[in-house]
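Q: Enclosed is the structure file structure.cif (mmCIF, C-alpha atoms).
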```cif
data_start
#
loop_
_atom_site.label_atom_id
_atom_site.label_comp_id
_atom_site.auth_asym_id
_atom_site.auth_seq_id
_atom_site.Cartn_x
_atom_site.Cartn_y
_atom_site.Cartn_z
CA MET A 173 120.10 -69.86 7.07
CA ASN A 174 122.71 -72.08 5.40
CA GLY A 175 120.42 -74.53 3.65
CA PRO A 176 120.22 -76.17 0.24
CA HIS A 177 118.42 -73.11 -1.13
CA ASP A 178 121.75 -71.22 -1.06
CA MET A 179 122.64 -72.65 -4.45
CA GLY A 180 124.96 -70.07 -5.97
CA GLY A 181 128.09 -71.86 -7.17
CA MET A 182 126.91 -75.39 -6.39
CA HIS A 183 128.27 -77.98 -8.85
CA GLY A 184 126.68 -80.90 -10.63
CA LEU A 185 123.14 -79.66 -11.19
CA GLY A 186 123.22 -80.31 -14.91
CA PRO A 187 122.13 -78.44 -18.03
CA ILE A 188 119.56 -75.64 -17.96
CA PRO A 189 116.10 -77.13 -18.62
CA ILE A 190 114.95 -74.80 -21.39
CA GLU A 191 111.38 -75.42 -22.53
CA ALA A 192 110.07 -73.75 -25.68
CA ASN A 193 106.63 -72.12 -25.51
CA GLU A 194 106.27 -72.94 -21.86
CA PRO A 195 102.83 -72.44 -20.26
CA VAL A 196 102.61 -70.24 -17.13
CA PHE A 197 101.43 -73.26 -15.12
CA HIS A 198 102.01 -76.88 -16.11
CA SER A 199 98.92 -78.22 -14.34
CA GLU A 200 95.78 -77.16 -12.54
CA TRP A 201 97.31 -77.95 -9.15
CA GLU A 202 100.32 -75.71 -9.79
CA ALA A 203 97.97 -72.82 -10.61
CA LYS A 204 95.91 -73.50 -7.48
CA VAL A 205 98.97 -73.72 -5.21
CA PHE A 206 100.15 -70.40 -6.62
CA ALA A 207 96.74 -68.75 -6.22
CA MET A 208 96.14 -70.07 -2.68
CA SER A 209 99.60 -68.92 -1.63
CA PHE A 210 99.11 -65.53 -3.28
CA ALA A 211 95.70 -65.11 -1.67
CA THR A 212 97.07 -65.83 1.80
CA PHE A 213 100.22 -63.68 1.44
CA GLY A 214 99.72 -60.60 3.49
CA ASN A 215 96.30 -61.61 4.77
CA PHE A 216 97.52 -64.37 7.04
CA PHE A 217 101.30 -64.40 6.86
CA PRO A 218 103.89 -62.09 5.33
CA VAL A 219 105.74 -63.04 2.14
CA ASP A 220 109.04 -63.28 4.01
CA GLU A 221 107.52 -65.93 6.22
CA THR A 222 106.52 -67.97 3.16
CA ARG A 223 110.04 -67.79 1.82
CA HIS A 224 111.46 -68.82 5.17
CA ALA A 225 108.98 -71.70 5.30
CA SER A 226 110.19 -73.14 2.00
CA GLU A 227 113.77 -72.89 3.29
CA LEU A 228 112.78 -75.05 6.27
CA MET A 229 112.17 -77.98 3.93
CA PRO A 230 114.55 -80.86 4.71
CA PRO A 231 117.48 -80.70 2.22
CA GLY A 232 116.73 -84.08 0.64
CA ASP A 233 113.13 -83.08 -0.02
CA TYR A 234 114.12 -79.61 -1.20
CA LEU A 235 116.50 -81.03 -3.78
CA SER A 236 114.01 -83.58 -5.07
CA SER A 237 110.95 -81.35 -5.27
CA SER A 238 109.66 -79.16 -8.06
CA TYR A 239 109.13 -75.43 -7.61
CA TYR A 240 105.42 -75.64 -6.82
CA GLU A 241 105.91 -78.70 -4.60
CA ARG A 242 108.14 -76.43 -2.50
CA TRP A 243 105.43 -73.77 -2.52
CA LEU A 244 102.91 -76.39 -1.43
CA TYR A 245 105.19 -77.43 1.42
CA ALA A 246 105.48 -73.80 2.58
CA LEU A 247 101.74 -73.24 2.27
CA GLU A 248 100.89 -76.35 4.30
CA LEU A 249 103.51 -75.53 6.91
CA LEU A 250 102.16 -72.01 7.42
CA LEU A 251 98.51 -73.05 7.41
CA ALA A 252 99.32 -75.56 10.16
CA LYS A 253 101.54 -73.15 12.10
CA HIS A 254 98.82 -70.50 12.14
CA ASN A 255 96.19 -73.06 13.12
CA LEU A 256 94.22 -72.54 9.92
CA LEU A 257 94.39 -76.10 8.61
CA SER A 258 95.69 -79.36 10.05
CA GLU A 259 97.24 -82.38 8.36
CA ALA A 260 94.39 -84.51 9.77
CA GLU A 261 91.81 -82.30 8.07
CA ILE A 262 93.68 -82.53 4.76
CA LYS A 263 93.94 -86.33 5.01
CA ALA A 264 90.24 -86.69 5.84
CA ARG A 265 89.21 -84.45 2.96
CA MET A 266 91.48 -86.33 0.54
CA THR A 267 89.82 -89.61 1.50
CA GLN A 268 86.39 -88.05 1.07
CA LEU A 269 87.24 -86.55 -2.33
CA ASP A 270 88.87 -89.75 -3.50
CA GLN A 271 85.71 -91.73 -2.72
CA SER A 272 83.31 -89.23 -4.28
CA ASP A 273 85.38 -88.79 -7.45
CA PRO A 274 86.55 -92.21 -8.58
CA MET B 169 104.35 -82.09 6.54
CA THR B 170 107.08 -83.73 4.53
CA VAL B 171 106.85 -84.18 0.80
CA PRO B 172 107.49 -87.82 0.02
CA HIS B 173 109.62 -88.32 -3.07
CA ASP B 174 107.29 -90.99 -4.34
CA ARG B 175 104.24 -88.75 -4.32
CA SER B 176 102.60 -88.90 -7.73
CA GLU B 177 101.12 -86.00 -9.67
CA ALA B 178 97.66 -87.46 -9.01
CA ASP B 179 98.31 -87.55 -5.25
CA ILE B 180 99.50 -83.98 -5.27
CA ALA B 181 96.52 -82.87 -7.33
CA LEU B 182 94.15 -84.58 -4.88
CA ARG B 183 95.95 -83.04 -1.92
CA VAL B 184 95.75 -79.56 -3.44
CA LYS B 185 92.06 -80.07 -4.21
CA ALA B 186 91.47 -81.07 -0.56
CA ILE B 187 93.33 -78.01 0.73
CA GLU B 188 91.43 -75.73 -1.63
CA SER B 189 88.02 -77.08 -0.64
CA LEU B 190 88.88 -76.73 3.07
CA LEU B 191 90.23 -73.19 2.71
CA VAL B 192 87.15 -72.12 0.74
CA GLU B 193 84.85 -73.78 3.27
CA LYS B 194 86.59 -71.99 6.15
CA GLY B 195 86.39 -68.67 4.33
CA ILE B 196 90.19 -68.33 4.25
CA VAL B 197 90.24 -68.03 0.46
CA ASP B 198 87.53 -67.23 -2.04
CA SER B 199 87.09 -69.40 -5.16
CA ALA B 200 86.48 -66.45 -7.47
CA ALA B 201 89.54 -64.66 -6.08
CA LEU B 202 91.69 -67.72 -6.86
CA ASP B 203 90.40 -67.74 -10.45
CA THR B 204 91.18 -64.02 -10.77
CA ILE B 205 94.74 -64.52 -9.52
CA ILE B 206 95.32 -67.37 -12.00
CA GLU B 207 93.74 -65.44 -14.88
CA THR B 208 95.88 -62.38 -14.07
CA TYR B 209 99.17 -64.28 -14.14
CA GLU B 210 98.21 -66.45 -17.11
CA HIS B 211 96.92 -63.67 -19.33
CA LYS B 212 97.39 -60.13 -18.06
CA VAL B 213 100.81 -59.81 -16.50
CA GLY B 214 103.77 -60.78 -18.65
CA PRO B 215 106.87 -59.72 -20.57
CA HIS B 216 104.82 -57.33 -22.74
CA ILE B 217 104.89 -54.97 -19.74
CA GLY B 218 108.68 -55.00 -19.49
CA ALA B 219 108.83 -54.60 -23.28
CA GLN B 220 106.97 -51.29 -22.98
CA ILE B 221 109.59 -50.02 -20.53
CA VAL B 222 112.45 -51.08 -22.81
CA ALA B 223 110.89 -49.53 -25.93
CA LYS B 224 110.25 -46.27 -24.08
CA ALA B 225 113.90 -46.17 -22.98
CA TRP B 226 115.04 -46.78 -26.56
CA VAL B 227 113.12 -43.80 -27.95
CA ASP B 228 113.29 -41.37 -25.02
CA ALA B 229 116.84 -40.59 -23.87
CA ALA B 230 115.72 -38.60 -20.82
CA PHE B 231 113.49 -41.49 -19.67
CA LYS B 232 116.35 -43.94 -20.21
CA GLN B 233 118.60 -41.82 -18.03
CA ARG B 234 115.98 -41.73 -15.25
CA LEU B 235 115.37 -45.49 -15.65
CA LEU B 236 119.03 -46.35 -15.20
CA ALA B 237 119.48 -43.86 -12.33
CA ASP B 238 116.38 -44.96 -10.41
CA GLY B 239 114.46 -47.84 -11.95
CA THR B 240 111.78 -47.87 -9.27
CA SER B 241 110.74 -44.24 -9.86
CA ALA B 242 110.98 -44.37 -13.65
CA ILE B 243 108.79 -47.50 -13.79
CA ALA B 244 106.34 -45.82 -11.41
CA GLU B 245 106.16 -42.89 -13.87
CA LEU B 246 104.68 -45.31 -16.41
CA GLY B 247 102.27 -46.67 -13.80
CA LEU B 248 103.77 -50.15 -14.17
CA THR B 249 104.85 -50.78 -10.59
CA GLY B 250 103.30 -53.85 -9.03
CA PHE B 251 103.58 -56.79 -6.68
CA SER B 252 107.07 -58.25 -6.42
CA SER B 253 108.56 -55.39 -8.42
CA GLU B 254 108.46 -52.64 -5.82
CA HIS B 255 112.22 -52.00 -5.89
CA MET B 256 113.79 -52.21 -9.33
CA VAL B 257 117.30 -51.77 -10.65
CA VAL B 258 117.67 -51.61 -14.43
CA VAL B 259 121.03 -52.56 -15.92
CA GLU B 260 122.02 -51.64 -19.46
CA ASN B 261 123.60 -53.94 -22.02
CA THR B 262 126.20 -52.22 -24.20
CA PRO B 263 128.81 -53.44 -26.71
CA GLU B 264 131.19 -53.70 -23.72
CA VAL B 265 128.94 -55.17 -21.02
CA HIS B 266 126.38 -57.98 -21.01
CA ASN B 267 124.14 -58.31 -17.94
CA LEU B 268 122.49 -61.46 -16.64
CA ILE B 269 119.93 -61.79 -13.86
CA VAL B 270 119.51 -64.72 -11.49
CA CYS B 271 118.16 -65.41 -8.02
CA THR B 272 120.43 -68.00 -6.42
CA LEU B 273 118.45 -68.23 -3.18
CA CYS B 274 114.98 -68.82 -4.53
CA SER B 275 113.54 -67.42 -7.74
CA CYS B 276 113.03 -63.71 -7.08
CA TYR B 277 111.84 -62.10 -10.28
CA PRO B 278 109.99 -58.90 -11.19
CA TRP B 279 106.53 -60.45 -11.51
CA ALA B 280 104.71 -57.22 -12.33
CA ILE B 281 107.15 -56.48 -15.15
CA LEU B 282 107.83 -59.93 -16.65
CA GLY B 283 105.07 -62.18 -15.27
CA LEU B 284 105.95 -65.40 -13.45
CA PRO B 285 109.41 -66.80 -14.18
CA PRO B 286 109.96 -69.69 -16.60
CA THR B 287 110.96 -73.09 -15.23
CA TRP B 288 114.58 -72.69 -16.30
CA TYR B 289 114.91 -69.51 -14.20
CA LYS B 290 113.63 -71.44 -11.18
CA SER B 291 115.79 -74.50 -11.91
CA PHE B 292 118.60 -75.59 -9.61
CA ALA B 293 120.91 -75.67 -12.64
CA TYR B 294 120.37 -72.00 -13.51
CA ARG B 295 120.43 -70.83 -9.89
CA SER B 296 123.71 -72.61 -9.17
CA ARG B 297 125.55 -72.08 -12.44
CA ALA B 298 124.66 -68.52 -13.53
CA VAL B 299 127.02 -67.07 -10.92
CA ILE B 300 130.04 -69.29 -11.57
CA GLU B 301 129.88 -70.04 -15.27
CA PRO B 302 127.58 -67.47 -16.87
CA ARG B 303 129.18 -67.84 -20.30
CA SER B 304 128.51 -71.58 -20.39
CA VAL B 305 124.96 -70.96 -19.25
CA LEU B 306 124.47 -68.35 -21.99
CA ALA B 307 125.90 -70.76 -24.54
CA GLU B 308 123.12 -73.22 -23.65
CA PHE B 309 120.68 -70.49 -24.67
CA GLY B 310 122.55 -70.17 -27.97
CA LEU B 311 124.14 -66.89 -26.93
CA ALA B 312 127.91 -66.61 -27.37
CA ILE B 313 129.37 -63.60 -25.57
CA PRO B 314 132.87 -62.72 -26.85
CA GLU B 315 135.67 -62.77 -24.26
CA THR B 316 136.17 -59.04 -24.87
CA VAL B 317 132.68 -58.34 -23.49
CA GLU B 318 132.36 -58.23 -19.72
CA VAL B 319 129.55 -60.38 -18.28
CA ARG B 320 127.94 -59.00 -15.11
CA VAL B 321 125.64 -61.26 -13.11
CA TRP B 322 123.08 -59.73 -10.75
CA ASP B 323 121.73 -61.86 -7.90
CA SER B 324 118.20 -60.77 -7.02
CA ASN B 325 116.79 -60.90 -3.54
CA ALA B 326 113.50 -60.64 -1.72
CA ASP B 327 113.45 -56.85 -1.80
CA LEU B 328 115.35 -55.92 -4.95
CA ARG B 329 114.64 -57.11 -8.48
CA TYR B 330 116.53 -56.46 -11.68
CA LEU B 331 115.66 -55.86 -15.32
CA VAL B 332 118.08 -55.87 -18.24
CA LEU B 333 117.78 -53.02 -20.71
CA PRO B 334 118.87 -54.85 -23.88
CA GLU B 335 120.63 -53.22 -26.82
CA ARG B 336 118.35 -51.85 -29.51
CA PRO B 337 118.92 -53.96 -32.63
CA ALA B 338 120.18 -52.48 -35.87
CA GLY B 339 117.64 -51.78 -38.60
CA THR B 340 114.98 -50.46 -36.20
CA GLU B 341 115.56 -46.74 -36.75
CA ASN B 342 112.17 -46.23 -38.40
CA LEU B 343 110.08 -48.27 -35.99
CA SER B 344 107.63 -46.68 -33.56
CA GLU B 345 107.80 -47.25 -29.82
CA ALA B 346 104.90 -49.73 -30.04
CA GLU B 347 106.58 -51.62 -32.90
CA LEU B 348 109.85 -51.72 -30.96
CA ALA B 349 108.06 -53.18 -27.94
CA THR B 350 106.93 -56.17 -30.01
CA LEU B 351 110.57 -57.10 -30.66
CA VAL B 352 111.57 -57.28 -26.98
CA THR B 353 111.56 -60.80 -25.57
CA ARG B 354 111.41 -62.03 -22.00
CA ASN B 355 114.83 -63.66 -22.22
CA ALA B 356 116.38 -60.43 -23.52
CA MET B 357 115.17 -58.68 -20.36
CA ILE B 358 116.73 -61.40 -18.15
CA GLY B 359 119.92 -61.40 -20.20
CA THR B 360 119.78 -64.90 -21.72
CA ALA B 361 119.12 -63.50 -25.21
CA LYS B 362 119.65 -60.40 -27.31
CA VAL B 363 116.77 -58.63 -28.99
CA PRO B 364 116.72 -59.95 -32.55
CA PRO B 365 116.47 -57.56 -35.50
CA PRO B 366 113.00 -57.39 -37.08
CA ASN B 367 111.92 -60.43 -39.13
CA SER B 368 114.60 -62.72 -37.77
CA PRO B 369 113.73 -66.28 -36.68
CA THR B 370 112.30 -66.62 -33.17
CA PRO B 371 115.08 -67.33 -30.67
CA LEU B 372 115.08 -70.40 -28.47
CA ALA B 373 112.39 -70.31 -25.78
CA ALA B 374 112.16 -66.53 -25.94
#
```
Produce structure tokens that represent the structure in this file.
A:
Amino acid sequence: MNGPHDMGGMHGLGPIPIEANEPVFHSEWEAKVFAMSFATFGNFFPVDETRHASELMPPGDYLSSSYYERWLYALELLLAKHNLLSEAEIKARMTQLDQSDP
Amino acid sequence: MTVPHDRSEADIALRVKAIESLLVEKGIVDSAALDTIIETYEHKVGPHIGAQIVAKAWVDAAFKQRLLADGTSAIAELGLTGFSSEHMVVVENTPEVHNLIVCTLCSCYPWAILGLPPTWYKSFAYRSRAVIEPRSVLAEFGLAIPETVEVRVWDSNADLRYLVLPERPAGTENLSEAELATLVTRNAMIGTAKVPPPNSPTPLAA
């Protein structure tokens, strides 16, 4: 697939963002996205399918998202595709959590 | 299913929390299993594993030969094979050749050997530039490779991962294998640093 992920040789993407003493995850949600993806790899969908899913991200979104935002996109896409979780369920639970945890 | 550009960190965190609670409720994932996965990648798997392989190769010439001929089998000998590192090619740095690893398509990386990749390895800048201007990229890491040294860039993929066998620094002749392993940094095994001699200042983001 000839998408924005095929980055080798692309110009204009700036200096390398080198961070000293970087933590493995920069936030709780990054760790959880990683763990939920890892836990579903193999059990529900193969790793190659997760990679393909992140490559389906619209180019504008792909280029403006962080690494784990792209993982989250792939996870949500696959959960929906395999009828495990719908966007409506996520929205409803977000509203519920938001109200119970001000 | 789109990711709006204006989504804040708090929105994302809430969304992830919602997904987690639903997946746990449906029995698709287990809370304790998620904690174990996070704990493993935060504390157990990391560059210290790759450092053991490098140190072994430095002190055992026969192992080094097997490692360079068939990285997958030699790493399996040490019992260090793991997820996302099933097929390994090890490339040796010498006074004539400097190797650099990238994954231009995503961020393929030998997780079981080096842990999860740093942000710079996953960055668009590194993925795009490592293959066209590796020397400039290395300069940003403070590593100047003389024009007389050939730079080889290896582009990883979903099924094949690379590891750089860095040069053993001078002044380490009397060190044990375990002591040598403590000198080997993550960046040296990706190719964005050299292994510093003992007691030298810590290199940038090693």
Q: Work out how far CA of Ala242 (chain B) is from CA of Thr262 (chain B), in Å to one decimal.
A: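 Straight-line distance from CA of Thr262 (chain B) to CA of Ala242 (chain B) works out to 20.1 Å.
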Q: For chain B versus chain A, which residues have an atom no more than 8 Å away, and what is each residue's nearest atom pair and distance in Å rounded to one decimal, using all atoms listed in the file, chain-then-number order, as JSON lines?
A:
```
{"residue": "B:Met169", "atom": "CA", "partner": "A:Leu249", "partner_atom": "CA", "distance": 6.6}
{"residue": "B:Thr170", "atom": "CA", "partner": "A:Tyr245", "partner_atom": "CA", "distance": 7.3}
{"residue": "B:Val171", "atom": "CA", "partner": "A:Asp233", "partner_atom": "CA", "distance": 6.4}
{"residue": "B:Pro172", "atom": "CA", "partner": "A:Asp233", "partner_atom": "CA", "distance": 7.4}
{"residue": "B:His173", "atom": "CA", "partner": "A:Ser236", "partner_atom": "CA", "distance": 6.8}
{"residue": "B:Ile180", "atom": "CA", "partner": "A:Trp201", "partner_atom": "CA", "distance": 7.5}
{"residue": "B:Ala181", "atom": "CA", "partner": "A:Trp201", "partner_atom": "CA", "distance": 5.3}
{"residue": "B:Leu182", "atom": "CA", "partner": "A:Met266", "partner_atom": "CA", "distance": 6.3}
{"residue": "B:Arg183", "atom": "CA", "partner": "A:Met266", "partner_atom": "CA", "distance": 6.1}
{"residue": "B:Val184", "atom": "CA", "partner": "A:Trp201", "partner_atom": "CA", "distance": 6.1}
{"residue": "B:Lys185", "atom": "CA", "partner": "A:Trp201", "partner_atom": "CA", "distance": 7.5}
{"residue": "B:Ala186", "atom": "CA", "partner": "A:Met266", "partner_atom": "CA", "distance": 5.4}
{"residue": "B:Ile187", "atom": "CA", "partner": "A:Ile262", "partner_atom": "CA", "distance": 6.1}
{"residue": "B:Glu188", "atom": "CA", "partner": "A:Met208", "partner_atom": "CA", "distance": 7.4}
{"residue": "B:Leu190", "atom": "CA", "partner": "A:Ile262", "partner_atom": "CA", "distance": 7.7}
{"residue": "B:Leu191", "atom": "CA", "partner": "A:Leu257", "partner_atom": "CA", "distance": 7.8}
{"residue": "B:Ile196", "atom": "CA", "partner": "A:Thr212", "partner_atom": "CA", "distance": 7.7}
{"residue": "B:Val197", "atom": "CA", "partner": "A:Ala211", "partner_atom": "CA", "distance": 6.5}
{"residue": "B:Ala201", "atom": "CA", "partner": "A:Ala211", "partner_atom": "CA", "distance": 7.6}
{"residue": "B:Leu202", "atom": "CA", "partner": "A:Ala207", "partner_atom": "CA", "distance": 5.2}
{"residue": "B:Asp203", "atom": "CA", "partner": "A:Ala207", "partner_atom": "CA", "distance": 7.7}
{"residue": "B:Ile205", "atom": "CA", "partner": "A:Ala207", "partner_atom": "CA", "distance": 5.7}
{"residue": "B:Ile206", "atom": "CA", "partner": "A:Ala207", "partner_atom": "CA", "distance": 6.1}
{"residue": "B:Tyr209", "atom": "CA", "partner": "A:Val196", "partner_atom": "CA", "distance": 7.5}
{"residue": "B:Glu210", "atom": "CA", "partner": "A:Val196", "partner_atom": "CA", "distance": 5.8}
{"residue": "B:Thr272", "atom": "CA", "partner": "A:Gly180", "partner_atom": "CA", "distance": 5.0}
{"residue": "B:Leu273", "atom": "CA", "partner": "A:Asp178", "partner_atom": "CA", "distance": 4.9}
{"residue": "B:Cys274", "atom": "CA", "partner": "A:His177", "partner_atom": "CA", "distance": 6.5}
{"residue": "B:Leu284", "atom": "CA", "partner": "A:Val196", "partner_atom": "CA", "distance": 6.9}
{"residue": "B:Pro286", "atom": "CA", "partner": "A:Glu194", "partner_atom": "CA", "distance": 7.2}
{"residue": "B:Thr287", "atom": "CA", "partner": "A:Pro189", "partner_atom": "CA", "distance": 7.4}
{"residue": "B:Trp288", "atom": "CA", "partner": "A:Pro189", "partner_atom": "CA", "distance": 5.2}
{"residue": "B:Lys290", "atom": "CA", "partner": "A:Tyr239", "partner_atom": "CA", "distance": 7.0}
{"residue": "B:Ser291", "atom": "CA", "partner": "A:Pro189", "partner_atom": "CA", "distance": 7.2}
{"residue": "B:Phe292", "atom": "CA", "partner": "A:Leu185", "partner_atom": "CA", "distance": 6.3}
{"residue": "B:Ala293", "atom": "CA", "partner": "A:Leu185", "partner_atom": "CA", "distance": 4.8}
{"residue": "B:Tyr294", "atom": "CA", "partner": "A:Ile188", "partner_atom": "CA", "distance": 5.8}
{"residue": "B:Arg295", "atom": "CA", "partner": "A:Gly180", "partner_atom": "CA", "distance": 6.0}
{"residue": "B:Ser296", "atom": "CA", "partner": "A:Gly180", "partner_atom": "CA", "distance": 4.3}
{"residue": "B:Arg297", "atom": "CA", "partner": "A:Gly181", "partner_atom": "CA", "distance": 5.9}
{"residue": "B:Ala298", "atom": "CA", "partner": "A:Gly180", "partner_atom": "CA", "distance": 7.7}
{"residue": "B:Val299", "atom": "CA", "partner": "A:Gly180", "partner_atom": "CA", "distance": 6.1}
{"residue": "B:Ile300", "atom": "CA", "partner": "A:Gly181", "partner_atom": "CA", "distance": 5.5}
{"residue": "B:Val305", "atom": "CA", "partner": "A:Ile188", "partner_atom": "CA", "distance": 7.3}
{"residue": "B:Glu308", "atom": "CA", "partner": "A:Ile188", "partner_atom": "CA", "distance": 7.1}
{"residue": "B:Phe309", "atom": "CA", "partner": "A:Ile190", "partner_atom": "CA", "distance": 7.9}
{"residue": "B:Ala326", "atom": "CA", "partner": "A:Asp220", "partner_atom": "CA", "distance": 7.7}
{"residue": "B:Leu372", "atom": "CA", "partner": "A:Ala192", "partner_atom": "CA", "distance": 6.6}
{"residue": "B:Ala373", "atom": "CA", "partner": "A:Ala192", "partner_atom": "CA", "distance": 4.2}
{"residue": "B:Ala374", "atom": "CA", "partner": "A:Ala192", "partner_atom": "CA", "distance": 7.5}
```
Q: In Å, how far is it from CA of Trp322 (chain B) to CA of Ile269 (chain B)?
A: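 Computing it gives 4.9 Å between the two atoms.
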Q: Translate the PyMOL selection byres ((chain B and resi 277) around 12), as applied to the file shown, into an explicit residue set as a ChimeraX atom specification.
A: /B:214-215,250-257,269-276,278-286,289-290,322-332,354,357-358
Q: I want to know what sits within 9 Å of Val363 (chain B), based on only C-alpha atoms, with residues of the same chain fewer than 4 positions away left out; could you give that as a ChimeraX atom specification?
A: /B:334-337,351-353,355-357
Q: Work out how far CA of Gln233 (chain B) is from CA of Pro302 (chain B), in Å to one decimal.
A: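 Result for CA of Pro302 (chain B) versus CA of Gln233 (chain B): 27.2 Å, one decimal.
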Q: Check which residues satisfy the PyMOL selection byres ((chain B and resi 345) around 10) in the file shown, then give them as a compact mmCIF listing (two decimals) with C-alpha atoms, in the frame of the given file.
A:
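Final file, selection-v3.txt:
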```
# COMPACT_ATOMS: atom_id res chain seq x y z
CA ALA B 219 108.83 -54.60 -23.28
CA GLN B 220 106.97 -51.29 -22.98
CA ILE B 221 109.59 -50.02 -20.53
CA VAL B 222 112.45 -51.08 -22.81
CA ALA B 223 110.89 -49.53 -25.93
CA LYS B 224 110.25 -46.27 -24.08
CA ALA B 225 113.90 -46.17 -22.98
CA TRP B 226 115.04 -46.78 -26.56
CA VAL B 227 113.12 -43.80 -27.95
CA ASP B 228 113.29 -41.37 -25.02
CA ASN B 342 112.17 -46.23 -38.40
CA LEU B 343 110.08 -48.27 -35.99
CA SER B 344 107.63 -46.68 -33.56
CA ALA B 346 104.90 -49.73 -30.04
CA GLU B 347 106.58 -51.62 -32.90
CA LEU B 348 109.85 -51.72 -30.96
CA ALA B 349 108.06 -53.18 -27.94
CA THR B 350 106.93 -56.17 -30.01
```
Q: Restricting the calculation to all atoms listed in the file: of B:Val265, B:Ala229, B:Ala178, B:Val213, which residue gets closest to Thr316 (chain B)?
A: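 Closest to Thr316 (chain B) of all the choices is B:Val265.
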Q: Take the PyMOL selection byres ((chain B and resi 318) around 7), run it mentally on this structure, and tell me the resulting residues as a ChimeraX atom specification.
A: /B:264-266,316-317,319-320
Q: Determine the axis-aligned bounding box of all atoms of region 309-320 of chain B present in the file, pad each side by 3 Å, and express its centre and edge lengths in Å to one decimal place as AutoDock Vina command-line options.
A:
```
--center_x 128.4 --center_y -64.4 --center_z -21.5 --size_x 21.5 --size_y 18.3 --size_z 18.9
```
Q: Complete the atoms of region 196-207 of chain A to N, CA and C atoms and put them out as an mmCIF file, in the frame of the given file.
A:
```
data_model
loop_
_atom_site.group_PDB
_atom_site.id
_atom_site.type_symbol
_atom_site.label_atom_id
_atom_site.label_comp_id
_atom_site.auth_asym_id
_atom_site.auth_seq_id
_atom_site.Cartn_x
_atom_site.Cartn_y
_atom_site.Cartn_z
ATOM 1 N N VAL A 196 102.354 -70.883 -18.430
ATOM 2 C CA VAL A 196 102.610 -70.240 -17.130
ATOM 3 C C VAL A 196 102.548 -71.300 -16.014
ATOM 4 N N PHE A 197 101.549 -72.146 -16.080
ATOM 5 C CA PHE A 197 101.430 -73.260 -15.120
ATOM 6 C C PHE A 197 101.375 -74.557 -15.920
ATOM 7 N N HIS A 198 101.988 -75.614 -15.376
ATOM 8 C CA HIS A 198 102.010 -76.880 -16.110
ATOM 9 C C HIS A 198 100.847 -77.787 -15.740
ATOM 10 N N SER A 199 100.095 -77.421 -14.706
ATOM 11 C CA SER A 199 98.920 -78.220 -14.340
ATOM 12 C C SER A 199 97.997 -77.350 -13.505
ATOM 13 N N GLU A 200 96.791 -77.842 -13.346
ATOM 14 C CA GLU A 200 95.780 -77.160 -12.540
ATOM 15 C C GLU A 200 96.260 -76.994 -11.090
ATOM 16 N N TRP A 201 96.902 -78.059 -10.561
ATOM 17 C CA TRP A 201 97.310 -77.950 -9.150
ATOM 18 C C TRP A 201 98.390 -76.905 -8.944
ATOM 19 N N GLU A 202 99.286 -76.750 -9.925
ATOM 20 C CA GLU A 202 100.320 -75.710 -9.790
ATOM 21 C C GLU A 202 99.649 -74.330 -9.707
ATOM 22 N N ALA A 203 98.673 -74.111 -10.596
ATOM 23 C CA ALA A 203 97.970 -72.820 -10.610
ATOM 24 C C ALA A 203 97.263 -72.582 -9.277
ATOM 25 N N LYS A 204 96.647 -73.644 -8.748
ATOM 26 C CA LYS A 204 95.910 -73.500 -7.480
ATOM 27 C C LYS A 204 96.855 -73.262 -6.301
ATOM 28 N N VAL A 205 97.989 -73.939 -6.295
ATOM 29 C CA VAL A 205 98.970 -73.720 -5.210
ATOM 30 C C VAL A 205 99.444 -72.265 -5.266
ATOM 31 N N PHE A 206 99.722 -71.794 -6.470
ATOM 32 C CA PHE A 206 100.150 -70.400 -6.620
ATOM 33 C C PHE A 206 99.059 -69.458 -6.103
ATOM 34 N N ALA A 207 97.833 -69.672 -6.567
ATOM 35 C CA ALA A 207 96.740 -68.750 -6.220
ATOM 36 C C ALA A 207 96.426 -68.786 -4.724
#
```
